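Visitor: Starting off with a structure, shown below.
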Amino acid sequence: MAAQPEEAAQTAGLKHPKLGGENMTATERKRNQGNDELPCLSDYAPWKERFYEKVQQRCLSLQETKVKMIRAQKAKEEKIKKREPFDWLSKEWFSEEKESLDTRIYLLDKLLPTLIPGMEKLLMEVERKNVLAPDTEPTKFNPINFLGEYLMRHNPQYSISAKPGPYLRGMKMVTEELKTEMPGTTSERLARMKSEAKNKRKEREQVDNMKSQVKEMRKEALAIQFKEWMVDVSGRIPVALVQSALRSFLDVIASTPTDVRKANYARKLEIVNTLEKKLNIDEFTEYVHSYTEHFSNDLFQEILKHLRQCADNFQEAIRRDMWRQIFTDLFLDCDYGKVGLLDRQKILALLVDFYDRSPVIAQRGFCNPRQWPIIELQEIELADLWGGLDDQEDCEELSEKLVLAPTGISEGEILACHPADDNRQSTYRMRTSVREGLFEQMGTSEAESGGISKEENQAPESSDADVRKEGEDAVSVVKSTDFEASDLDGDTIPSEKSSFPEDIKTERQAESASADKQEEASPGSASTGYSLSRGGEPGSEKQVEKEEFSLGREPDTETNREEDYCVSDREPGSEGQVSQEKDNWIAEATNTISGPTPEATTMTSEDRAVTDMDIIASKQDAPVAEVVKETPARTDSFSRQHGSQFGQQTSSETRLQDEDLLQDQGKGPAHSDRQDSPAEASLEFAVPWSGDLLTSDLSCRYSSYGERILEDGKCENTRFPDLHPIMAEIQNRWASCTRSAFDESCLNLPQFVQLMETFVGEDISLPTVKRLIAFIKEEYKQTEEEKMEQLEKVHHISRLAKRKLLLEALFETWDNNASGFLDLEEVDAVLSTFKEGMEKEALRKAKKHLCSRYPQLSRVGKLSPKAFQTFLELVASEFTGDEDEAIENLVEFLTTSVERSCMECLQSLARRKWLYNIQQAAETSGASMEPVYKAVFKALSQDAEAHGDNKKISAYIALLEENQLSPERGQILLHYVACTADDAPYVLNQILYRDMKGVSFAAVEEGKPIHVPRVQLHGNIHFWNYDRPLEERRGSFLVLPLHDAHWRVFGILGLDTLRDQCEKTIFLTHEISFYQGVSQAFSKAYHHVCRLENVLQMTVTALDWLYPRAPSIHAVTTYLVEPGKDKTCDFALRKVITTDNTGQKEIHSSPVLLLRQENLLRLYLFKCTDSSGVIRTSVCGEHHIAVPLRDLSGQALGVFDISTGHHQKLPPHEHNDLQKMLKMAQAACSEILKRSLEETEPTYILEAEHMANLRHAGILFYRFMLQDLRECVQKLDAESFAEIKSYVEPPALVHNIVKAVLLLLHPDWKGSEKTENWSQCILKLDDNLIQEIYRFDPTAASVQVQAELLLDCFTGVPRAAVRQQGSAPAECLYNWAHTCLSLAEITSKPAPPLAPLGIQC
């Protein structure tokens, strides 16, 4: 019945017997006298269990018997009711009259139940004796006596009443009903309770019915919603995907401004790390409903909407996954040497060429390969980043006009859009010079590049001669701009005379001009199609249809749904013909990229003069699908080993098969005229989804690709068998290699796939992608020298990795006690015996170079692992012969010079694991020190228990800080920030001044450990626990200084054994060495957390700068990348800062951790981290830009998730400001990381950077911005200021900007003629002002920036007005003044909490 007998007894209402209770008899009390000290029986004695088990069973049996009797009695009464119904005459007693209610109840309850049977008996006796018969003699029968006798015999107190009749039973029922009407009685209360219970039961049943109805309706809605998901061949979807959708819904609801912000699921979300577990429609319905059954209707509607968006996103993800597989196969085809790398500059050059060869309208679907994010922010010229924005805006505005209303722009308006000057010619020329050289090396030709022949180029030229006179100007514009802006021959690169925005303008002007001329020639020809062969002859109607489909076109029935396309009899040479030939030429230019077509191109109507070839071509789903089906798969494709769904063709065969099959299919019925939706786009391939996202983790899936080359470069040998176990352990501790490092010269597989995906965008069709694939496959070529150079580069990387691993293992072999450093003199002494001392001169030179690279070595004489590796490399470089062979000889010699026992090896291994846990705690702490402190104290206690004879130690950490509380007691103090739990009440947050007792400051000044074996004999020890008796103040005390990378002391680590009562509590030498290793590990972990804090502080500053300048940005979420525990674990993303569109920031105190397997709908964040590249995507109806924040190696340290809401693209000026912010943030992050390196000294530009607190991170952001603006200002000259000086009465905006600059440099000029008089102001605009601006430091103590003066000048001067003014010098000065003002404000703010100081010992 129950798990335990006691619980069962309590359930049955039983109580344990109390031994010696109050109910004992006198005899029992007397008998128990003197037995008080007897041991009590155990609460779990066997007899007690048996006793309660039997009693419980007996009670339950009696209860069951009683219940059966009651049920039998009720059943018997029910039978009587059916056989003898109630006498309804008893109902006459029932009345609602309240006055006689108690009297009637009394009569019915006390008297009538006995009186009524007596009266019945009396009447029956009278009838039997014929007493009432008129003709009989009077009898002696006395009815009163008879009734009295009956009542006395049937007194209810002494006898059992007879069987009740129908009338009595009815009267009893009436009595019960009357009692319920009597207020204050038990029956009335009971009746009221029963009535309330009945009503509640009905209400509950109604609610349950409603819930069941709602449940069924919700399940039906979920079943309908399931059909919107892309299912696999078995009709199921992965559970992990559903979990990701449910998990992301919580974040979506939390960010909505509605009343349903909090959503709590009915059960905890699962962690499903595989796509193999799947759900069908019924399982999906039950699964989702189990989480959402408690949701309100509004919240359920929200999650339905969210699931619908997730379904659309997932369909798009599958579509993109298929594209990524194609890009993966392209990478494998282009990687001729199978080394896993492609030339980045060549790929970028090919993308630029393909972009230039595409029609202008098709270019809108691509991401411009000359701009970010295709190129890096560091590759953008300062003039493009801080100026030239007006040209971009004009270009985009013109583009919008050409696409939305191509016939509404006149020829004059188009020509007026040309920029007046070409200030960016040199910039563009510099950027394209490298790529031009690459094209010259590749030797592109007409046949190879897919360009059209000269005869085809001459076709538009010959037709131009037949144009009427009024159209000559427009046609000349078309002719000139098209051949200059887009070189289709492939022989030359775009002209250096025009910059990229101008190229776009000229091409779009040409398109618009042809459209305008077509409108003028045939204003009513919207439903008429034209067809010309390449020779200029009219084509037949069949030929028109055939050619339309062969080129991926179809009639635009959106506007002409019921009109047919026919061949016109218009004479050749008309304006309409010229326009149509121009359209033919564009179509041919696009089509020849994938291969020449012998068929004539198709003429379209006036409203399709400027048609997006990519979007129209995407409608050819069926032909393309069949091409994919019928294409033979590559037998040697590497992707087939990983389950790739697609084969790969050679470029020429692909084009021919595509075109032939498209032409064949084009003869059939016309396709639908609708645009492809994201859901329909997934059907382009006509291949069922396999149920797996094959490219979601390219870094892991293709991690073994290229290993053969690496292994060949490593040439694994067995020279160092003693080091192999250590090397294996080090490799296991290394982080997972899934994250790629950015390299400006090459691309690995994830980076290449991501670059291609970014270039094609989201709205490009499959035929266009296939043309791009074929183009790159043909044009990407490598010479034998380039292949060998690339192979040598990979081998070199492999050798460096092997060398690093080998030397690190050697260091750990020498560092037996895991102290974290080696003595330079000891290593030097051993190396001096190498080759019997014949290499002492080389050793001396290497040591000299080492000390020049690491200046602190001359002071401390300690070699860190990195310095040790550098030292051996310098020594080997001084030897003659191969450097790798020399290093291996040195490693072999040094390995044999040290001997370690098996016990020492195991001890070292355990200690290094504990030290690794400290570093791992820092990397996964989310910029918090608490996990680091815990890991340090845990490592100390574990070592004391395992290798320190089980000592009981106390540990504490104190950091150096500037003494602002009591300067008279010393300039610095020690602040105890952490300690072991038992010592927290006495030590935590205590402050040790210089004038107090103690040896801690001596350890700080000397930079060496101080060991006090017996504190009771020292006399200069400060005890924080004053309550400890003097006789208990015994034990050892150890103080270790904490050093940073430059061996400057920033705190102390203290240990003592005062809590250990053993006599031998002295710290041994190997223990002290390990504790030094702990201090080194803590130092690295501490500075790692400090770097993260500085990066976050800089991020907050950057977001504050961006918020007022980019209101279109919906939200920015900042993530930090946290590595896995070992090489087999994937990294995680920790959300740390969230900024909304109002500028409100939330710094997450308990950050949310994102794992790849739990967030399939946020894979773009992990892809961004994998490739260390920018990603644009759309998730849940919002557009996102994921931007990596890289460390010094090029790997992603963090990720900016920038949500632009429903804006697919930001306005040009906001996009430009976003680029500025990201560039400055990356530069500031790199500077923060560089300052912690051992071999580099920090570089200070501004005076405020010398401050030792967290504020300098925000200053760094503005410092790099100030440096950029300084460079821009330095490029100005007298000619640049000519426009400003030409004003006689300048605009107030320009005057205020110049005035602000002058007041910033010379605040004493306030109100003088030098600033108020314009003629005096322009005299200051010279080279001296430029040099003064370049040298100005707004954070210097000698500079007094009067912010109110600048604010007065800038009041009423919005940035948009400055931008619209069109003066590059004025905008540059405006940005420079604002940056100086921001730096001055940061410097003047109260300092944040002080960070530890660094004291050089």
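Letters A, B, ... mark the chains of the structure tokens in the order given; residue numbers begin at 1 per chain; ligand numbers begin at 1, in order shown.
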If we count only C-alpha atoms and set the cut-off at 6 Å, which residues sit around range 1128-1132 of chain A, ignoring sequence neighbours fewer than 4 positions away in its own chain? Please answer as a PyMOL selection string.
Guide: chain A and resi 1121-1124+1154-1155
Visitor: Please save N, CA, C and O atoms of the selected residues as a tab-separated table (two decimals), in the first residue's frame.
Guide:
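The result, written out as again29.tsv:
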```
chain	number	residue	atom	x	y	z
A	1121	VAL	N	31.93	34.49	-27.30
A	1121	VAL	CA	32.17	33.09	-27.68
A	1121	VAL	C	32.90	32.40	-26.53
A	1121	VAL	O	33.95	32.87	-26.07
A	1122	GLU	N	32.35	31.29	-26.08
A	1122	GLU	CA	32.96	30.51	-25.01
A	1122	GLU	C	33.38	29.15	-25.56
A	1122	GLU	O	32.54	28.42	-26.10
A	1123	PRO	N	34.64	28.79	-25.47
A	1123	PRO	CA	35.10	27.52	-26.04
A	1123	PRO	C	34.55	26.33	-25.25
A	1123	PRO	O	34.12	26.45	-24.09
A	1124	GLY	N	34.60	25.16	-25.90
A	1124	GLY	CA	34.17	23.94	-25.23
A	1124	GLY	C	35.20	23.47	-24.22
A	1124	GLY	O	36.31	24.00	-24.11
A	1154	LEU	N	23.75	30.03	-25.43
A	1154	LEU	CA	23.19	29.44	-26.64
A	1154	LEU	C	24.11	28.32	-27.12
A	1154	LEU	O	25.31	28.53	-27.29
A	1155	LEU	N	23.53	27.15	-27.34
A	1155	LEU	CA	24.25	26.01	-27.89
A	1155	LEU	C	23.75	25.74	-29.30
A	1155	LEU	O	22.58	25.98	-29.62
```
Visitor: Name all residues at most 6 Å from range 930-946 of chain A (count only C-alpha atoms; drop same-chain ones fewer than 4 positions away) and give them as a PyMOL selection string.
Guide: chain A and resi 914+918+921-922+950-951
Visitor: Do a neighbour search on Glu1279 in chain A at 12 Å with only C-alpha atoms, toss out local chain neighbours closer than 5 positions, and write the hits as a ChimeraX atom specification.
Guide: /A:1284-1286,1325-1327,1368-1369
Visitor: Which residue out of A:Gln1080, A:Ser1367, A:Thr1057, A:Gln1157 has the minimum interatomic distance to Pro865 in chain A when only C-alpha atoms are used?
Guide: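 Using only C-alpha atoms, Pro865 in chain A sits closest to A:Gln1080.
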Visitor: Taking the backbone alone, and naming residues the way the document does, which bits of range 1181-1211 of chain A are strand (DSSP E or B) by DSSP, as a list in words?
Guide: Glu1182, His1183, His1184, Ile1185, Ala1186, Val1187, Pro1188, Leu1189, Arg1190, Ala1196, Leu1197, Gly1198, Val1199, Phe1200, Asp1201, Ile1202 and Ser1203 of chain A
Visitor: Enumerate the residues of range 39-181 of chain A with a DSSP assignment of alpha helix (DSSP H), computed from the backbone, and present them as number ranges by chain.
Guide: A: 46-83, 101-106, 112-128, 143-153, 166-181
Visitor: Which one of A:Asn1296, A:Ser248, A:Ser925, A:Thr1240 sits closest to Ile303 in chain A if you count only C-alpha atoms?
Guide: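 With only C-alpha atoms as the atom set, the closest residue is A:Ser248.
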Visitor: Between A:Phe868, A:Gly387, A:Leu1222, A:Gln971, which is the closest to Glu1371 in chain A once you count only C-alpha atoms?
Guide: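 For Glu1371 in chain A, the nearest of the candidates is A:Gly387.
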Visitor: Might you pull out every residue within 12 Å of range 121-135 of chain A, with only C-alpha atoms counted and same-chain residues fewer than 2 positions away left off, and present them as a list in words?
Guide: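 Final neighbour list, sorted by chain and number: Thr114, Leu115, Ile116, Pro117, Gly118, Met119, Glu137, Pro138, Thr139, Lys140, Phe141, Asn142, Pro143, Ile144, Asn145, Phe146, Leu147, Gly148, Glu149, Tyr150, Leu151, His154 and Ala162 of chain A.
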Visitor: Would you mind listing what lies within 7 Å of range 368-370 of chain A as a PyMOL selection string, with only C-alpha atoms counted and same-chain residues fewer than 2 positions away left out?
Guide: chain A and resi 348+351-352+366+374-375
Visitor: How about saving the chosen residues, N, CA and C atoms kept, as a compact mmCIF listing (two decimals), in the first residue's frame?
Guide:
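This went into selection_29.txt:
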```
# COMPACT_ATOMS: atom_id res chain seq x y z
N LEU A 348 37.57 37.31 -54.97
CA LEU A 348 36.96 38.64 -54.96
C LEU A 348 37.02 39.27 -56.34
N LEU A 351 34.31 37.74 -58.44
CA LEU A 351 32.99 38.25 -58.07
C LEU A 351 32.77 39.64 -58.64
N VAL A 352 33.82 40.47 -58.61
CA VAL A 352 33.72 41.81 -59.20
C VAL A 352 33.46 41.71 -60.69
N PHE A 366 22.49 41.15 -56.09
CA PHE A 366 23.78 40.77 -55.52
C PHE A 366 24.22 41.77 -54.46
N ILE A 374 31.34 42.23 -48.31
CA ILE A 374 32.18 41.35 -49.11
C ILE A 374 33.65 41.64 -48.82
N ILE A 375 34.01 42.91 -48.86
CA ILE A 375 35.36 43.29 -48.46
C ILE A 375 35.36 43.63 -46.99
```
Visitor: In Å, with one decimal, what is the gap from CA of Gln782 in chain A to CA of Arg701 in chain A?
Guide: 26.4 Å
Visitor: Can you list, as a list in words, every protein, DNA or RNA residue that comes within 12 Å of Lys835 in chain A when you count only C-alpha atoms, leaving out same-chain residues fewer than 5 positions away?
Guide: Val830, Lys840, Ala842, Leu843, Phe879, Ala886, Asn889, Leu890, Phe893 and Leu894 of chain A
Visitor: Those residues with N, CA and C atoms, as a CSV table (one decimal), in the first residue's frame please?
Guide:
```
chain,number,residue,atom,x,y,z
A,830,VAL,N,72.3,24.4,-19.2
A,830,VAL,CA,72.1,23.1,-19.9
A,830,VAL,C,72.5,23.2,-21.4
A,840,LYS,N,78.3,27.8,-28.0
A,840,LYS,CA,78.1,28.9,-27.0
A,840,LYS,C,77.9,30.3,-27.7
A,842,ALA,N,76.5,31.0,-30.6
A,842,ALA,CA,75.1,31.0,-31.1
A,842,ALA,C,74.1,31.2,-29.9
A,843,LEU,N,74.5,30.5,-28.8
A,843,LEU,CA,73.6,30.7,-27.6
A,843,LEU,C,73.7,32.1,-27.0
A,879,PHE,N,72.1,28.4,-35.7
A,879,PHE,CA,72.8,27.3,-36.1
A,879,PHE,C,72.8,27.2,-37.7
A,886,ALA,N,67.4,21.5,-36.5
A,886,ALA,CA,68.1,22.0,-35.4
A,886,ALA,C,67.3,22.0,-34.1
A,889,ASN,N,66.8,18.5,-32.8
A,889,ASN,CA,68.0,18.1,-32.1
A,889,ASN,C,68.1,18.8,-30.7
A,890,LEU,N,67.7,20.0,-30.6
A,890,LEU,CA,67.7,20.7,-29.3
A,890,LEU,C,66.6,20.0,-28.4
A,893,PHE,N,68.0,16.8,-27.1
A,893,PHE,CA,69.0,17.0,-26.1
A,893,PHE,C,68.4,17.4,-24.8
A,894,LEU,N,67.5,18.3,-24.8
A,894,LEU,CA,66.9,18.8,-23.6
A,894,LEU,C,66.0,17.8,-22.9
```
Visitor: Considering only C-alpha atoms, can you say which of A:Val1004, A:Ala741, A:Met69, A:Leu1038 comes closest to Arg1190 in chain A?
Guide: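 That would be A:Ala741, the residue with the smallest distance to Arg1190 in chain A.
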Visitor: So which one's closest to Thr1118 in chain A, A:Ala1361, A:Thr1101, A:Leu1165, A:Asp1201? Using only C-alpha atoms, please.
Guide: A:Asp1201
